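Undergrad: Let me begin by handing over the structure; questions about it come next.
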Amino acid sequence: MKTLSEYEIESLRNAFTQQVCSHDYRSGPLLLFAGPGTGKTYNLLQTVEAQLGFGLPLDTFLECTLTNAAADKFAADVNQRLSATFRGVCTLHSRAKGICHQHSSALRMRASFVVLSEKEYVENAKADLALLLRSTAPAVAKRLREYQNASANAMAPQDLPFAAAYRGLQRFYGAIDWYDVIAFARELLAKDADLRKQEADRHEFLLVDEYQDLNEAEQQLLELLLDGRNFLLAVGDDDQSIYSRRHAAPAGMVDFAKRYPSSRMLELPVTTRVPSAVLKAAYDLVERNPNRSQHRRRPLAFPATDERAAGGLALCVNCKSDKAEAQFIADSLALLGDECPACRVLVLCASTPLGMELEKKVHRLQPSLRLSPEFRGEDTPHDDLLMLHAQKFLNDPTDNFSLRLLLGSLDTNTRECSGYVQRALDTSTRLWDMVLRVSDERTEPRDGLRHFCAVTQEALAFEDPQARLQHFVQQVPFMTHLEARLRKPPDSSSTDKAATHESSASKMRFMSLHKSKGLDADYVFLPFMEESIGLAGQDLEEQRRLLFVAITRAKVACIMSWAWSRGGHSKYKTRGRGGPSTNRTPSPFISECGLPSSLRKPWERPIASARALQLLRKCATHVAAYDTAHS
């Protein structure tokens, strides 16, 4: 096969970008397949710039993403390149939330309702529903998953009594979960043609990022927001759909033409991130999935990318034990620490517990390494939630949910808290009024609820919100450890977060495979590659996609590793048994990537880890020299 020159590949890339920018949206939407490192953000920006040149005003555009971080990044790119006044970026959920707020009366919700994460919201709802429905917590959890599954897939709930009880509880809380934000917005738009036109007129041109991660309900909501118009650019890659846990439907890209018969499809042909050897391993793996878009082609590696990485490095290291694997990772990171900035390294682990354990072992072996474990993700710490909801409730005693969360921290049982909710629902009263009534019935002088209510009433008497909060925090036992936070400057929390982020950005990063989406690094390590450990995913195809995403984070080298033996083997699992302690077998995905699972036989010299370090040193030296020459 003929090898294209850098000029030919650059021309090919520019030609496809020109096709994207010149697409006539009056004839139909455009679906853009954008593989790893192929320039999806660049093409989105080019599209906006081209359409502005065709006479469309800037406020016509709305770019929908799935995360706030992605929305902020795109807004910054547009503000820097096109206009500092551009505000047409949001997550799809925040767009749906705005619609629900505007028409909250139609949902029989208070206008100030909030949307809460599953951790803080659903756990309380499960306990309250168990009492309301006279059921058990596991049974309620199962019915709630079925309800959420129906919401995500745009289906009517099968268990109508449960749905009625859950939605009644939502109205009482004044809070809903993220699944219902989409479902409620979709229901409002589907029922009201005038509302649908009104919302569609706000932004006539929709740009949708990561389309492969949308579930069916989100895809339908986008269709309703278009209201029959064709001004839609959907960008994604079904090979990178890894969120089945939130019901992502990669088939939405495969079947895009069925939803939009007049649409056109294009695929970006060149990656400027992934070198050839890594690219080959990734696509050898993912092309085994039978349900991916069949017309897809492998992107070409940009010549400068290959030149910098010397073609790239993809290999698998077989280790004698988990200790030997940790030693190999530690030695590799120490080697790279001399050759490249720490932020150019990612260690991606099959699960959070495994990653945390490996990070500790590596730190013990190489204490001088700058390591940044990022396993906590974006979960809000419990203390932050307590402070937030204490402030909200003290400012608004009608906030039933904030009070419910605070009551859950009292020294009382969960069923008792749920009992307050049930009595408030039965009598159509505020939760605070019901709690006061129950408190008055108590006679025990040291009763925790009576003390809580007395302190709260004292705090509510203060006119100054800060004094109100300070009194509450100082007097309520489960809040007193947070008193030091009241003395911090108002912006100290954001400053602390920025400092933490800046510190983490200069370190070698340990994280789960899912958390690596959207990131890249020169060197990517994938430990725990054993059959019995496996990868998280609802099926074999999603597991392949997850590994594909992890591999394609690498700009120079991707190095897998597995161990023949592991002590305490039962903990080494994501699903299933965890495997035997010895004679463990490599993941079949290694051979599917076209890589030998054993770099060296155990009796050969140098051993596999030593040989891998030789290859890694050679690669790192080349990259360092290239970067110096081209700086």
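For the structure tokens, the naming scheme is as follows: chains receive sequential letters (A, B, ...) according to their order of presentation, residues are indexed from 1 within each chain, and ligands are indexed from 1 in presentation order.
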Identify, on the basis of only C-alpha atoms, every residue whose closest approach to segment 599-607 of chain A does not exceed 10 Å; exclude the query and any residue fewer than 2 positions from it along the same chain; express the result as a PyMOL selection string.
TA: chain A and resi 315-320+561+595-597+609-612+614
Undergrad: I want to know what sits within 12 Å of segment 186-202 of chain A, based on only C-alpha atoms, with residues of the same chain fewer than 2 positions away left out; could you give that as an MDAnalysis selection string?
TA: chainID A and resid 58:62 88 92:93 95:107 151:156 179:184 204:206 216:232
Undergrad: Rounded to one decimal in Å, what is the spacing between atom CA of Gly55 of chain A and atom CA of Pro261 of chain A?
TA: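 It comes out at 26.3 Å.
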Undergrad: Would you mind writing down, as a ChimeraX atom specification, each residue of segment 50-251 of chain A that DSSP on the backbone assigns to strand (DSSP E)?
TA: /A:61-65,89-91,114-115,175-176,205-208,232-236
Undergrad: So which residues touch segment 441-454 of chain A within 9 Å, counting only C-alpha atoms, skipping near sequence neighbours fewer than 6 positions away, as a VMD selection string?
TA: chain A and resid 407 410 to 412 432 435 472 475 to 477
Undergrad: Mind giving me the straight-line distance from atom CA of Gly37 of chain A to atom CA of Cys349 of chain A in Å, one decimal?
TA: 21.8 Å
Undergrad: Residues within 9 Å of Arg468 of chain A, please, as a list in words. Count only C-alpha atoms; anything in the same chain fewer than 4 positions from it doesn't count.
TA: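 Residues meeting the cut-off are Gln391, Leu394, Asn395, Thr456, Glu458, Ala459, Leu460, Ala461, Phe462, Glu463, Asp464, Phe472 and Val473 of chain A.
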Undergrad: Please identify all polymer residues within 6 Å of segment 546-553 of chain A, counting only C-alpha atoms, omitting same-chain residues fewer than 2 positions from it, and present them as a PDB file with N, CA and C atoms, in the first residue's frame.
TA:
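Generated output (part01.pdb):
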```pdb
ATOM      1  N   GLN A 240     -16.066   4.913  20.995  1.00  0.00           N
ATOM      2  CA  GLN A 240     -15.702   5.465  22.299  1.00  0.00           C
ATOM      3  C   GLN A 240     -16.905   5.581  23.243  1.00  0.00           C
ATOM      4  N   ILE A 242     -18.713   4.422  26.245  1.00  0.00           N
ATOM      5  CA  ILE A 242     -18.326   3.576  27.388  1.00  0.00           C
ATOM      6  C   ILE A 242     -19.215   3.802  28.609  1.00  0.00           C
ATOM      7  N   ALA A 282      -5.098  -0.434  18.805  1.00  0.00           N
ATOM      8  CA  ALA A 282      -6.435  -0.003  19.205  1.00  0.00           C
ATOM      9  C   ALA A 282      -7.486  -0.452  18.204  1.00  0.00           C
ATOM     10  N   ASP A 520      -5.142  12.919  27.465  1.00  0.00           N
ATOM     11  CA  ASP A 520      -4.092  12.268  26.680  1.00  0.00           C
ATOM     12  C   ASP A 520      -2.779  12.395  27.442  1.00  0.00           C
ATOM     13  N   GLN A 543     -16.587  -3.474  26.719  1.00  0.00           N
ATOM     14  CA  GLN A 543     -15.267  -3.672  27.308  1.00  0.00           C
ATOM     15  C   GLN A 543     -14.174  -3.373  26.284  1.00  0.00           C
ATOM     16  N   ARG A 544     -14.395  -3.801  25.040  1.00  0.00           N
ATOM     17  CA  ARG A 544     -13.425  -3.480  23.988  1.00  0.00           C
ATOM     18  C   ARG A 544     -13.357  -1.965  23.779  1.00  0.00           C
TER      19      ARG A 544
END
```
Undergrad: Looking at A:Arg617, A:Asp522, A:Gln466, A:Phe172, which one is nearest to Arg308 of chain A, with distances taken over only C-alpha atoms?
TA: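 Ranked by minimum distance to Arg308 of chain A, first place goes to A:Asp522.
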